[in-house]
Every structure is written in C-alpha cells, then in structure tokens.
file query_25.txt (compact mmCIF, C-alpha atoms)
# COMPACT_ATOMS: atom_id res chain seq x y z
CA MET Z 1298 3.32 -44.61 68.78
CA LYS Z 1299 3.96 -40.92 68.21
CA VAL Z 1300 7.72 -41.58 67.97
CA LYS Z 1301 7.18 -44.35 65.42
CA ASN Z 1302 4.92 -42.17 63.26
CA SER Z 1303 7.42 -39.32 63.22
CA ARG Z 1304 10.25 -41.79 62.52
CA ILE Z 1305 8.29 -43.28 59.60
CA GLU Z 1306 7.62 -39.80 58.20
CA ALA Z 1307 11.31 -38.90 58.55
CA LEU Z 1308 12.26 -42.17 56.87
CA LYS Z 1309 9.96 -41.44 53.91
CA MET Z 1310 11.39 -37.94 53.59
CA LEU Z 1311 14.99 -39.19 53.72
CA ILE Z 1312 14.44 -41.95 51.17
CA SER Z 1313 12.66 -39.60 48.77
CA SER Z 1314 15.27 -36.84 49.06
CA GLN Z 1315 18.60 -38.69 49.33
CA GLN Z 1316 20.35 -41.54 47.56
CA LEU Z 1317 20.69 -44.05 50.37
CA GLY Z 1318 22.03 -47.42 49.28
CA SER Z 1319 22.40 -49.39 52.52
CA GLN Z 1320 20.63 -49.77 55.83
CA GLU Z 1321 23.75 -48.36 57.51
CA GLU Z 1322 23.41 -45.15 55.45
CA VAL Z 1323 19.71 -44.95 56.36
CA LEU Z 1324 20.47 -45.47 60.06
CA GLN Z 1325 23.09 -42.70 59.97
CA ALA Z 1326 20.68 -40.34 58.20
CA LEU Z 1327 17.98 -41.07 60.79
CA GLN Z 1328 20.49 -40.51 63.61
CA ARG Z 1329 21.34 -37.09 62.13
CA GLU Z 1330 17.60 -36.35 62.37
CA GLY Z 1331 17.59 -37.32 66.05
CA PHE Z 1332 16.23 -40.88 65.84
CA THR Z 1333 17.98 -43.75 67.59
CA LEU Z 1334 16.95 -47.23 66.48
CA THR Z 1335 18.36 -50.66 65.82
CA GLN Z 1336 18.93 -52.23 62.42
CA ALA Z 1337 16.10 -54.67 63.16
CA THR Z 1338 13.64 -51.82 63.79
CA LEU Z 1339 14.78 -50.11 60.60
CA SER Z 1340 14.32 -53.35 58.68
CA ARG Z 1341 10.73 -53.63 59.97
CA ASP Z 1342 10.05 -49.98 59.06
CA LEU Z 1343 11.39 -50.52 55.53
CA LYS Z 1344 9.23 -53.62 55.16
CA GLN Z 1345 6.16 -51.75 56.43
CA LEU Z 1346 6.73 -49.00 53.87
CA LYS Z 1347 7.36 -51.58 51.11
CA VAL Z 1348 10.65 -49.85 50.31
CA ALA Z 1349 12.60 -51.37 47.42
CA LYS Z 1350 15.96 -50.79 45.79
CA ALA Z 1351 16.21 -49.38 42.28
CA ALA Z 1352 19.08 -48.36 40.05
CA SER Z 1353 19.73 -44.61 40.00
CA MET Z 1354 21.11 -42.63 37.05
CA ASN Z 1355 24.69 -43.43 38.08
CA GLY Z 1356 23.99 -47.17 38.33
CA LYS Z 1357 24.09 -47.25 42.13
CA TYR Z 1358 21.21 -49.09 43.78
CA VAL Z 1359 19.29 -46.89 46.20
CA TYR Z 1360 16.19 -47.23 48.35
CA VAL Z 1361 12.97 -45.94 46.79
CA LEU Z 1362 9.42 -45.67 48.04
CA PRO Z 1363 6.81 -47.61 46.09
CA ASN Z 1364 4.23 -45.98 43.93
CA GLU Z 1365 1.18 -47.74 45.31
CA THR Z 1366 -0.50 -47.82 41.90
CA MET Z 1367 2.39 -49.97 40.63
CA TYR Z 1368 0.82 -52.90 42.44
CA LYS Z 1369 -2.27 -52.93 40.23
CA ARG Z 1370 -2.72 -56.13 38.30
CA VAL Z 1371 -1.83 -55.98 34.61
CA HIS Z 1372 -4.72 -57.36 32.60
CA LYS Z 1373 -2.73 -57.97 29.42
CA SER Z 1374 0.35 -60.02 30.19
CA GLN Z 1375 3.47 -59.49 28.10
CA SER Z 1376 6.53 -61.61 27.63
CA ALA Z 1377 9.86 -60.30 28.91
CA ARG Z 1378 10.94 -59.73 25.29
CA GLU Z 1379 7.85 -57.58 24.61
CA MET Z 1380 8.41 -55.56 27.79
CA LEU Z 1381 12.06 -54.93 26.93
CA ALA Z 1382 11.17 -53.87 23.40
CA ASN Z 1383 8.61 -51.35 24.67
CA PRO Z 1384 10.26 -48.21 26.09
CA GLY Z 1385 9.30 -46.76 29.48
CA SER Z 1386 8.27 -43.37 28.16
CA ILE Z 1387 5.66 -42.91 25.47
CA SER Z 1388 5.26 -39.20 24.76
CA LEU Z 1389 5.99 -35.66 25.93
CA GLU Z 1390 3.69 -32.70 25.40
CA PHE Z 1391 3.78 -29.16 26.77
CA THR Z 1392 1.18 -26.67 27.93
CA GLY Z 1393 2.33 -23.38 29.42
CA ASN Z 1394 5.28 -24.13 31.68
CA ILE Z 1395 4.16 -27.73 32.32
CA GLY Z 1396 5.40 -30.79 30.48
CA VAL Z 1397 3.26 -33.92 30.51
CA LEU Z 1398 5.25 -37.12 30.07
CA LYS Z 1399 3.20 -40.28 29.44
CA THR Z 1400 4.85 -43.59 30.37
CA ARG Z 1401 4.07 -47.26 30.47
CA PRO Z 1402 2.10 -48.22 33.60
CA GLY Z 1403 4.36 -48.26 36.65
CA TYR Z 1404 7.26 -46.37 35.04
CA ALA Z 1405 6.38 -42.81 36.06
CA SER Z 1406 7.92 -42.86 39.56
CA LEU Z 1407 11.28 -44.19 38.39
CA LEU Z 1408 11.50 -41.75 35.46
CA ALA Z 1409 10.45 -38.82 37.67
CA TYR Z 1410 13.08 -39.84 40.22
CA ASN Z 1411 15.72 -39.86 37.47
CA ILE Z 1412 14.58 -36.43 36.20
CA ASP Z 1413 14.57 -34.93 39.72
CA ASN Z 1414 18.04 -36.29 40.44
CA SER Z 1415 19.61 -35.15 37.17
CA ASP Z 1416 21.32 -31.85 36.54
CA LEU Z 1417 18.44 -30.12 34.73
CA HIS Z 1418 18.37 -26.57 36.07
CA ASP Z 1419 15.40 -25.58 33.85
CA ILE Z 1420 13.12 -28.09 35.60
CA LEU Z 1421 11.74 -27.10 39.00
CA GLY Z 1422 10.42 -30.57 39.86
CA THR Z 1423 8.08 -33.39 38.94
CA ILE Z 1424 4.90 -35.04 40.18
CA ALA Z 1425 4.47 -38.68 39.20
CA GLY Z 1426 1.44 -40.91 39.07
CA ASP Z 1427 1.33 -44.42 37.68
CA ASP Z 1428 1.80 -43.59 34.00
CA THR Z 1429 1.99 -39.77 33.88
CA ILE Z 1430 4.55 -37.23 35.05
CA PHE Z 1431 3.89 -33.49 35.37
CA ILE Z 1432 7.13 -31.57 34.87
CA ALA Z 1433 7.25 -27.98 36.16
CA ILE Z 1434 9.51 -25.85 33.96
CA LYS Z 1435 10.96 -22.45 34.85
CA GLU Z 1436 9.29 -19.45 33.21
CA GLY Z 1437 10.75 -18.33 29.89
CA ILE Z 1438 12.58 -21.59 29.17
CA ASP Z 1439 12.46 -22.94 25.61
CA ARG Z 1440 10.44 -26.16 25.44
CA LYS Z 1441 12.69 -27.59 22.74
CA SER Z 1442 15.78 -27.29 24.95
CA VAL Z 1443 13.92 -28.96 27.84
CA ALA Z 1444 12.81 -31.78 25.53
CA GLU Z 1445 16.36 -32.23 24.25
CA ARG Z 1446 17.75 -32.39 27.79
CA LEU Z 1447 15.04 -34.87 28.81
CA SER Z 1448 15.88 -37.06 25.80
CA GLU Z 1449 19.45 -37.31 27.19
CA ILE Z 1450 17.96 -38.94 30.30
CA ILE Z 1451 15.24 -40.85 28.45
CA PRO Z 1452 16.69 -41.82 25.05
CA GLU Z 1453 13.47 -43.38 23.72
CA LEU Z 1454 11.46 -40.20 24.40
CA ASN Z 1455 8.88 -39.41 21.71
CA ILE Z 1456 8.52 -35.61 21.62
CA GLN Z 1457 5.21 -34.30 20.23

call {"tool": "encode", "arguments": {"input": "query_25.txt", "output": "structure tokens"}}
result
Amino acid sequence: MKVKNSRIEALKMLISSQQLGSQEEVLQALQREGFTLTQATLSRDLKQLKVAKAASMNGKYVYVLPNETMYKRVHKSQSAREMLANPGSISLEFTGNIGVLKTRPGYASLLAYNIDNSDLHDILGTIAGDDTIFIAIKEGIDRKSVAERLSEIIPELNIQ
C-alpha cells in the first residue's frame, strides 16, 4: 500500500505540474520518477483521483485534477445559452501584492491553471478555490500592468 500511496502522490504532482495529454505520456513521466506500472493500473489510479481532461491555453487537451468543490450541486439551474453568455471571471481586485480574482462557481481551478501556465513573469503563482483565485504578484510590480496581462488571458475580465 505504501508504493500505491507514493505513486498516487507522484501522479498528482505530475498532473498538476506538467501538460500530459495521454496515458502514454503519464506512464513515461511516472517511469522517469521510478514507478513501473501497467496502463490498466494507471487507468484505475486516474479514475480513483477523478482526473479529467481540459483544454489548455494552446488548445491541447491535458489531464487535470478535479477541484472537489466543483462537484457541489448548483441550486439555480441555467440553460446552456445563459452559461455561455456569462463569463468565467467576474472581477479582479488588489491588496498589497495579492490579486483576488472572483469567478463563477467551478471556474477558479481552470483559470488559475491557465494563469500559472502562461508567460506572466510578474506573477509568482496562484491558489484557487471554487470561485476565488489568490494571485501572488512580485514586489514592486504595477497592478495595472498585471491586470492588462491577465486580461490577455481572460478577455472578459472586469478590473476594479
């Protein structure tokens, strides 16, 4: 069981830090980390972790870990047209060297993933919840320039 737990932890780390688009790529990454397993075992591990595929910034589909809060029931149902008309991000505010990006429920992980995997050198990293992202910004960086760069990634961004 110890081997499985360490393999699962390695799998989570690999999926969250690399753009892996196929089980073959995941198997190779795990092998580089010293794990030997079959495709069937990997498939069971992915199912256990509830791993899904999502489109990255470059349009390639990659494995992503679920944000467990995304599985909450939505109490107010919306039609597909309403959901498409409503953008993923809602607002961006700053305090000190932290940006707080509010999103629609369930959108924070995907947007944070896109921010972390973009070429924004002024952003140190993000922490995502269900509908909020904390964005750590380097000291001395102009908030307006960060907001402008973020709006390139998130066109519907409402900067406050």

call {"tool": "residues_around", "arguments": {"input": "query_25.txt", "residues": "range 1449-1453 of chain Z", "least_positions_apart": "3", "cutoff": "12 Å", "atoms": "only C-alpha atoms", "output": "ChimeraX atom specification"}}
result
/Z:1353-1355,1382-1389,1398,1400,1404-1405,1407-1417,1442-1446,1456

call {"tool": "atom_distance", "arguments": {"input": "query_25.txt", "atom1": "CA of Ile1395 in chain Z", "atom2": "CA of Ala1433 in chain Z"}}
result
4.9 Å

call {"tool": "closest_residue", "arguments": {"input": "query_25.txt", "among": "Z:Pro1402, Z:Gly1396, Z:Arg1304, Z:Thr1423", "to": "Thr1333 in chain Z", "atoms": "all atoms listed in the file"}}
result
Z:Arg1304

call {"tool": "atom_distance", "arguments": {"input": "query_25.txt", "atom1": "CA of Asp1427 in chain Z", "atom2": "CA of Ser1406 in chain Z"}}
result
7.0 Å

call {"tool": "atom_distance", "arguments": {"input": "query_25.txt", "atom1": "CA of Gly1393 in chain Z", "atom2": "CA of Leu1447 in chain Z"}}
result
17.1 Å

call {"tool": "decode", "arguments": {"input": "query_25.txt", "residues": "range 1404-1415 of chain Z", "atoms": "all heavy atoms", "output": "mmCIF file, in the first residue's frame"}}
result
data_model
loop_
_atom_site.group_PDB
_atom_site.id
_atom_site.type_symbol
_atom_site.label_atom_id
_atom_site.label_comp_id
_atom_site.auth_asym_id
_atom_site.auth_seq_id
_atom_site.Cartn_x
_atom_site.Cartn_y
_atom_site.Cartn_z
ATOM 1 N N TYR Z 1404 -15.049 27.660 -11.783
ATOM 2 C CA TYR Z 1404 -14.145 28.144 -12.820
ATOM 3 C C TYR Z 1404 -12.746 28.466 -12.306
ATOM 4 O O TYR Z 1404 -11.814 28.617 -13.079
ATOM 5 C CB TYR Z 1404 -14.714 29.407 -13.482
ATOM 6 C CG TYR Z 1404 -15.694 29.132 -14.580
ATOM 7 C CD1 TYR Z 1404 -16.922 28.557 -14.305
ATOM 8 C CD2 TYR Z 1404 -15.399 29.441 -15.893
ATOM 9 C CE1 TYR Z 1404 -17.830 28.298 -15.314
ATOM 10 C CE2 TYR Z 1404 -16.303 29.186 -16.909
ATOM 11 C CZ TYR Z 1404 -17.516 28.612 -16.608
ATOM 12 O OH TYR Z 1404 -18.404 28.351 -17.605
ATOM 13 N N ALA Z 1405 -12.572 28.603 -10.997
ATOM 14 C CA ALA Z 1405 -11.303 29.086 -10.455
ATOM 15 C C ALA Z 1405 -10.122 28.180 -10.805
ATOM 16 O O ALA Z 1405 -9.061 28.671 -11.195
ATOM 17 C CB ALA Z 1405 -11.408 29.275 -8.938
ATOM 18 N N SER Z 1406 -10.277 26.877 -10.687
ATOM 19 C CA SER Z 1406 -9.151 25.967 -10.957
ATOM 20 C C SER Z 1406 -8.659 26.080 -12.390
ATOM 21 O O SER Z 1406 -7.455 26.138 -12.636
ATOM 22 C CB SER Z 1406 -9.543 24.520 -10.682
ATOM 23 O OG SER Z 1406 -9.545 24.274 -9.311
ATOM 24 N N LEU Z 1407 -9.581 26.088 -13.334
ATOM 25 C CA LEU Z 1407 -9.196 26.174 -14.743
ATOM 26 C C LEU Z 1407 -8.510 27.499 -15.049
ATOM 27 O O LEU Z 1407 -7.465 27.531 -15.707
ATOM 28 C CB LEU Z 1407 -10.413 25.989 -15.656
ATOM 29 C CG LEU Z 1407 -10.132 26.124 -17.146
ATOM 30 C CD1 LEU Z 1407 -9.134 25.067 -17.611
ATOM 31 C CD2 LEU Z 1407 -11.415 26.013 -17.936
ATOM 32 N N LEU Z 1408 -9.068 28.610 -14.549
ATOM 33 C CA LEU Z 1408 -8.448 29.913 -14.802
ATOM 34 C C LEU Z 1408 -7.081 30.010 -14.125
ATOM 35 O O LEU Z 1408 -6.135 30.537 -14.707
ATOM 36 C CB LEU Z 1408 -9.366 31.046 -14.343
ATOM 37 C CG LEU Z 1408 -10.637 31.233 -15.171
ATOM 38 C CD1 LEU Z 1408 -11.529 32.295 -14.545
ATOM 39 C CD2 LEU Z 1408 -10.311 31.595 -16.611
ATOM 40 N N ALA Z 1409 -6.959 29.496 -12.903
ATOM 41 C CA ALA Z 1409 -5.665 29.514 -12.209
ATOM 42 C C ALA Z 1409 -4.644 28.673 -12.971
ATOM 43 O O ALA Z 1409 -3.480 29.069 -13.104
ATOM 44 C CB ALA Z 1409 -5.823 29.009 -10.777
ATOM 45 N N TYR Z 1410 -5.078 27.538 -13.481
ATOM 46 C CA TYR Z 1410 -4.192 26.686 -14.287
ATOM 47 C C TYR Z 1410 -3.691 27.459 -15.510
ATOM 48 O O TYR Z 1410 -2.509 27.432 -15.833
ATOM 49 C CB TYR Z 1410 -4.954 25.423 -14.705
ATOM 50 C CG TYR Z 1410 -4.170 24.518 -15.612
ATOM 51 C CD1 TYR Z 1410 -3.266 23.603 -15.085
ATOM 52 C CD2 TYR Z 1410 -4.328 24.579 -16.994
ATOM 53 C CE1 TYR Z 1410 -2.534 22.767 -15.915
ATOM 54 C CE2 TYR Z 1410 -3.591 23.745 -17.829
ATOM 55 C CZ TYR Z 1410 -2.705 22.841 -17.281
ATOM 56 O OH TYR Z 1410 -1.975 22.019 -18.106
ATOM 57 N N ASN Z 1411 -4.605 28.167 -16.180
ATOM 58 C CA ASN Z 1411 -4.214 28.942 -17.353
ATOM 59 C C ASN Z 1411 -3.255 30.074 -16.987
ATOM 60 O O ASN Z 1411 -2.306 30.350 -17.720
ATOM 61 C CB ASN Z 1411 -5.448 29.499 -18.064
ATOM 62 C CG ASN Z 1411 -6.244 28.427 -18.766
ATOM 63 O OD1 ASN Z 1411 -5.737 27.340 -19.036
ATOM 64 N ND2 ASN Z 1411 -7.493 28.710 -19.046
ATOM 65 N N ILE Z 1412 -3.474 30.729 -15.849
ATOM 66 C CA ILE Z 1412 -2.577 31.801 -15.403
ATOM 67 C C ILE Z 1412 -1.196 31.215 -15.088
ATOM 68 O O ILE Z 1412 -0.178 31.738 -15.526
ATOM 69 C CB ILE Z 1412 -3.159 32.527 -14.168
ATOM 70 C CG1 ILE Z 1412 -4.416 33.317 -14.568
ATOM 71 C CG2 ILE Z 1412 -2.118 33.452 -13.540
ATOM 72 C CD1 ILE Z 1412 -5.234 33.818 -13.388
ATOM 73 N N ASP Z 1413 -1.170 30.121 -14.328
ATOM 74 C CA ASP Z 1413 0.105 29.506 -13.936
ATOM 75 C C ASP Z 1413 0.901 29.006 -15.137
ATOM 76 O O ASP Z 1413 2.124 28.963 -15.089
ATOM 77 C CB ASP Z 1413 -0.129 28.343 -12.967
ATOM 78 C CG ASP Z 1413 -0.534 28.806 -11.577
ATOM 79 O OD1 ASP Z 1413 -0.243 29.966 -11.224
ATOM 80 O OD2 ASP Z 1413 -1.143 28.005 -10.853
ATOM 81 N N ASN Z 1414 0.224 28.602 -16.195
ATOM 82 C CA ASN Z 1414 0.907 28.058 -17.355
ATOM 83 C C ASN Z 1414 1.076 29.065 -18.483
ATOM 84 O O ASN Z 1414 1.411 28.690 -19.604
ATOM 85 C CB ASN Z 1414 0.170 26.808 -17.857
ATOM 86 C CG ASN Z 1414 0.383 25.660 -16.910
ATOM 87 O OD1 ASN Z 1414 1.471 25.125 -16.822
ATOM 88 N ND2 ASN Z 1414 -0.647 25.323 -16.152
ATOM 89 N N SER Z 1415 0.852 30.332 -18.183
ATOM 90 C CA SER Z 1415 1.094 31.384 -19.170
ATOM 91 C C SER Z 1415 2.464 31.995 -18.904
ATOM 92 O O SER Z 1415 3.141 31.639 -17.953
ATOM 93 C CB SER Z 1415 -0.009 32.433 -19.097
ATOM 94 O OG SER Z 1415 0.039 33.064 -17.834
#
